[in-house]
>>> print(open('protein_11.txt').read())   # compact mmCIF, C-alpha atoms and all ligand atoms
# COMPACT_ATOMS: atom_id res chain seq x y z
CA MET A 1 0.00 0.00 0.00
CA GLU A 2 1.11 3.54 -0.74
CA TRP A 3 1.00 4.81 2.86
CA GLN A 4 3.29 2.04 3.99
CA LYS A 5 5.95 3.16 1.54
CA ARG A 6 6.11 6.67 2.95
CA ALA A 7 9.18 6.99 5.12
CA PHE A 8 10.67 9.74 7.20
CA SER A 9 14.39 9.97 6.66
CA MET A 10 17.20 12.07 7.97
CA SER A 11 20.70 11.97 6.63
CA TYR A 12 23.87 13.57 7.80
CA GLN A 13 27.30 13.05 6.28
CA GLY A 14 26.45 9.69 4.75
CA THR A 15 24.72 8.15 7.77
CA SER A 16 20.99 7.90 7.46
CA LEU A 17 18.14 7.13 9.78
CA GLN A 18 14.91 5.74 8.36
CA VAL A 19 11.60 5.24 10.09
CA ASP A 20 8.75 3.76 8.11
CA ALA A 21 5.72 5.95 8.75
CA GLY A 22 3.26 3.18 7.97
CA LEU A 23 4.81 0.73 10.44
CA LEU A 24 4.94 3.42 13.09
CA VAL A 25 1.22 4.21 12.70
CA LEU A 26 0.36 0.48 12.70
CA GLY A 27 2.40 -0.06 15.88
CA VAL A 28 0.65 2.78 17.72
CA ASP A 29 -2.77 1.46 16.55
CA ILE A 30 -2.02 -2.03 17.89
CA LEU A 31 -0.91 -0.58 21.24
CA ILE A 32 -4.14 1.44 21.56
CA LEU A 33 -6.20 -1.65 20.64
CA LEU A 34 -4.42 -3.81 23.27
CA LEU A 35 -4.97 -1.10 25.89
CA ALA A 36 -8.69 -0.88 25.01
CA ILE A 37 -9.05 -4.70 25.28
CA TYR A 38 -7.30 -4.65 28.66
CA VAL A 39 -9.53 -1.85 30.00
CA ALA A 40 -12.69 -3.62 28.76
CA PHE A 41 -11.87 -7.10 30.13
CA ALA A 42 -9.74 -6.42 33.20
CA PRO A 43 -11.34 -7.72 36.43
CA LYS A 44 -13.07 -4.95 38.36
CA SER A 45 -11.05 -3.95 41.40
CA THR A 46 -12.56 -4.38 44.86
CA LEU A 47 -10.07 -1.98 46.44
CA PRO A 48 -11.32 1.26 48.01
CA LYS A 49 -11.12 4.38 45.83
CA GLU A 50 -8.29 5.99 47.84
CA GLU A 51 -6.07 2.98 47.36
CA ILE A 52 -6.71 2.94 43.59
CA ALA A 53 -5.90 6.68 43.43
CA HIS A 54 -2.66 6.05 45.32
CA LYS A 55 -1.68 3.33 42.84
CA VAL A 56 -2.52 5.52 39.81
CA TYR A 57 -0.44 8.42 41.17
CA GLY A 58 2.46 6.03 41.70
CA ALA A 59 2.17 4.74 38.12
CA ARG A 60 2.00 8.32 36.86
CA LYS A 61 5.30 9.14 38.57
CA VAL A 62 7.01 6.12 36.97
CA TYR A 63 5.48 7.06 33.60
CA PHE A 64 6.76 10.65 33.97
CA PHE A 65 10.35 9.55 34.60
CA PHE A 66 10.17 6.96 31.80
CA ILE A 67 8.95 9.55 29.24
CA SER A 68 11.58 12.06 30.44
CA ALA A 69 14.35 9.49 30.05
CA VAL A 70 13.16 8.58 26.53
CA LEU A 71 12.98 12.27 25.48
CA ILE A 72 16.41 13.14 26.91
CA LEU A 73 17.92 10.10 25.19
CA ALA A 74 16.21 11.06 21.89
CA LEU A 75 17.49 14.64 22.23
CA PHE A 76 21.14 13.64 22.62
CA THR A 77 21.08 10.93 19.94
CA THR A 78 19.52 13.26 17.33
CA LEU A 79 21.52 16.44 18.11
CA PRO A 80 24.49 15.41 15.90
CA PHE A 81 22.06 15.37 12.95
CA THR A 82 21.35 19.11 13.34
CA PRO A 83 22.24 20.63 9.96
CA TYR A 84 23.15 24.13 11.18
CA PRO A 85 26.88 24.94 11.09
CA GLN A 86 26.66 27.28 14.11
CA PHE A 87 26.10 24.20 16.30
CA LYS A 88 29.28 22.61 15.10
CA LYS A 89 32.74 23.66 16.13
CA ILE A 90 34.04 24.17 12.60
CA LYS A 91 36.41 27.10 12.02
CA PRO A 92 35.45 29.20 9.00
CA ALA A 93 37.92 29.16 6.09
CA LEU A 94 37.24 32.82 5.42
CA VAL A 95 35.75 35.73 7.39
CA VAL A 96 34.01 38.46 5.39
CA ARG A 97 33.19 41.75 7.14
CA VAL A 98 29.97 43.09 5.64
CA ILE A 99 28.79 46.68 6.11
CA GLY A 100 25.45 47.78 4.71
CA ARG A 101 24.79 51.48 4.13
CA GLN A 102 22.38 53.59 2.11
CA TRP A 103 22.72 52.30 -0.56
CA ALA A 104 25.55 49.86 -1.07
CA TRP A 105 27.27 46.81 0.39
CA SER A 106 30.88 46.61 1.44
CA MET A 107 32.35 43.11 1.81
CA ASN A 108 35.92 43.39 3.14
CA GLY A 109 35.82 46.83 1.49
CA LEU A 110 34.69 45.50 -1.90
CA ASN A 111 31.47 45.21 -3.88
CA THR A 112 32.51 41.95 -5.54
CA ILE A 113 34.34 39.22 -3.68
CA THR A 114 35.61 35.78 -4.61
CA VAL A 115 35.15 32.88 -2.18
CA PRO A 116 35.98 29.17 -2.42
CA ALA A 117 33.23 26.55 -2.80
CA ASP A 118 32.80 23.79 -0.18
CA LYS A 119 34.46 25.91 2.54
CA LEU A 120 32.69 27.43 5.50
CA ILE A 121 32.43 31.21 5.07
CA GLU A 122 31.57 33.48 8.00
CA PHE A 123 29.90 36.78 7.15
CA GLN A 124 30.09 39.32 9.99
CA VAL A 125 27.23 41.61 9.07
CA THR A 126 26.52 45.11 10.37
CA SER A 127 25.19 48.46 9.15
CA SER A 128 26.53 51.99 9.35
CA ASP A 129 23.14 53.71 9.21
CA VAL A 130 19.72 52.01 9.19
CA ASN A 131 18.56 48.37 9.20
CA HIS A 132 19.27 46.44 6.02
CA GLY A 133 18.71 42.81 5.09
CA PHE A 134 21.75 40.89 3.84
CA GLY A 135 20.36 38.27 1.45
CA ILE A 136 22.44 35.91 -0.69
CA TYR A 137 20.88 34.59 -3.92
CA ASN A 138 22.23 31.67 -5.96
CA PRO A 139 22.64 31.85 -9.78
CA GLN A 140 19.04 30.56 -10.13
CA GLY A 141 17.78 33.57 -8.17
CA GLU A 142 16.86 31.58 -5.06
CA LEU A 143 17.54 33.01 -1.60
CA VAL A 144 20.06 30.68 0.08
CA ALA A 145 21.09 32.58 3.22
CA GLN A 146 20.18 35.81 4.96
CA THR A 147 20.60 37.85 8.10
CA GLN A 148 19.82 41.35 9.31
CA ALA A 149 22.38 44.15 8.96
CA MET A 150 21.80 46.29 12.05
CA PRO A 151 23.65 49.40 13.26
CA GLY A 152 25.49 48.65 16.51
CA PHE A 153 25.28 44.85 16.12
CA VAL A 154 27.33 42.25 14.29
CA ASN A 155 25.33 39.27 13.09
CA LYS A 156 27.32 36.20 12.14
CA LEU A 157 26.08 34.27 9.14
CA LYS A 158 27.86 31.01 8.42
CA TYR A 159 27.36 29.49 5.00
CA THR A 160 29.04 26.95 2.72
CA PHE A 161 28.59 27.46 -1.02
CA HIS A 162 28.45 24.01 -2.60
CA LYS A 163 28.10 25.07 -6.23
CA PRO A 164 30.46 27.49 -8.00
CA GLY A 165 28.86 30.42 -9.83
CA GLU A 166 27.80 34.04 -9.65
CA TYR A 167 25.84 34.71 -6.47
CA LYS A 168 24.10 37.99 -5.77
CA VAL A 169 23.64 39.99 -2.59
CA LEU A 170 20.43 42.01 -2.36
CA CYS A 171 18.92 44.09 0.43
CA LEU A 172 15.86 42.51 2.05
CA GLU A 173 14.80 45.58 4.02
CA LEU A 174 13.12 48.58 2.38
CA CYS A 175 15.74 51.11 3.49
CA GLY A 176 15.11 54.21 1.40
CA VAL A 177 14.57 55.48 -2.14
CA ALA A 178 17.55 53.66 -3.66
CA HIS A 179 16.98 50.40 -1.76
CA TYR A 180 16.65 48.54 -5.07
CA MET A 181 20.22 49.53 -5.99
CA MET A 182 21.76 47.74 -3.01
CA ALA A 183 23.36 44.85 -4.87
CA ALA A 184 26.72 43.14 -4.62
CA ASN A 185 28.35 40.04 -6.06
CA ILE A 186 29.92 36.92 -4.66
CA GLU A 187 31.88 34.83 -7.10
CA VAL A 188 32.15 31.25 -5.90
CA ILE A 189 35.03 29.32 -7.39
CA GLN A 190 35.96 25.64 -7.15
CA SER A 191 38.39 25.20 -4.30
CA LYS A 192 41.45 23.01 -4.75
CU CU B 201 19.18 48.36 2.39
>>> encode(input="protein_11.txt", output="structure tokens", more="lines below")
Ligand SMILES: [Cu+2]
Amino acid sequence: MEWQKRAFSMSYQGTSLQVDAGLLVLGVDILILLLAIYVAFAPKSTLPKEEIAHKVYGARKVYFFFISAVLILALFTTLPFTPYPQFKKIKPALVVRVIGRQWAWSMNGLNTITVPADKLIEFQVTSSDVNHGFGIYNPQGELVAQTQAMPGFVNKLKYTFHKPGEYKVLCLELCGVAHYMMAANIEVIQSK
């Protein structure tokens, strides 16, 4: 059946984790069914209400610690799969200081820069006047990374360009009459 073929998958650096959605749903359904059968056919207790309540509260405590343990375990086993470079201790191959102003970009003092592909680049983005939006577009015109350029703050944007080509920087914040002119270029070349 089609729904059984649907699978959630995560992959990170060659390792992959696959959970079949159909099997997962089926498993949960069977558990609910077994629970319903147990509730319907379990012998009625002759214990006084207070004693039953005491037992239920005890079970709830065990259940709470069990769920907590499962969630904490799940958190630490899945954290290495997080795709964001800022959570990894990788040193950037190149640091680019970006200053936005009305109405131009300066990247290490230039309007056009050349960066290597497949290397982590750190953009340290700020503004010398008003808020701007530092947006990087790939050669197909798709936005691939962005951060705010704010006066008095330096926002770090870490990005790895995987495909060489002519990338464009455009302003994402309407910052004045010549906002549309705020463009710059990033030339991504194959690294050796
Ligand atoms: Cu702007």
>>> closest_atom_pairs(input="protein_11.txt", of="chain A", to="ligand CU 201 (chain B)", cutoff="8 Å", atoms="only C-alpha atoms and all ligand atoms", output="Markdown table")
| residue | atom | partner | partner_atom | distance |
| --- | --- | --- | --- | --- |
| A:Gly100 | CA | B:CU201 | CU | 6.7 |
| A:Arg101 | CA | B:CU201 | CU | 6.7 |
| A:Gln102 | CA | B:CU201 | CU | 6.1 |
| A:Trp103 | CA | B:CU201 | CU | 6.1 |
| A:Ala104 | CA | B:CU201 | CU | 7.4 |
| A:Val130 | CA | B:CU201 | CU | 7.7 |
| A:Asn131 | CA | B:CU201 | CU | 6.8 |
| A:His132 | CA | B:CU201 | CU | 4.1 |
| A:Gly133 | CA | B:CU201 | CU | 6.2 |
| A:Cys171 | CA | B:CU201 | CU | 4.7 |
| A:Leu172 | CA | B:CU201 | CU | 6.7 |
| A:Glu173 | CA | B:CU201 | CU | 5.4 |
| A:Leu174 | CA | B:CU201 | CU | 6.1 |
| A:Cys175 | CA | B:CU201 | CU | 4.5 |
| A:Gly176 | CA | B:CU201 | CU | 7.2 |
| A:His179 | CA | B:CU201 | CU | 5.1 |
| A:Tyr180 | CA | B:CU201 | CU | 7.9 |
| A:Met182 | CA | B:CU201 | CU | 6.0 |
>>> atom_distance(input="protein_11.txt", atom1="CA of Val115 in chain A", atom2="CA of Asn138 in chain A")
13.5 Å
>>> atom_distance(input="protein_11.txt", atom1="CA of Leu33 in chain A", atom2="CA of Phe64 in chain A")
22.3 Å
>>> atom_distance(input="protein_11.txt", atom1="CA of Val144 in chain A", atom2="CA of Ala183 in chain A")
15.4 Å
>>> closest_residue(input="protein_11.txt", among="A:Met150, A:Val95, A:Ala184, A:Ile189", to="Ile136 in chain A", atoms="all atoms listed in the file")
A:Ala184
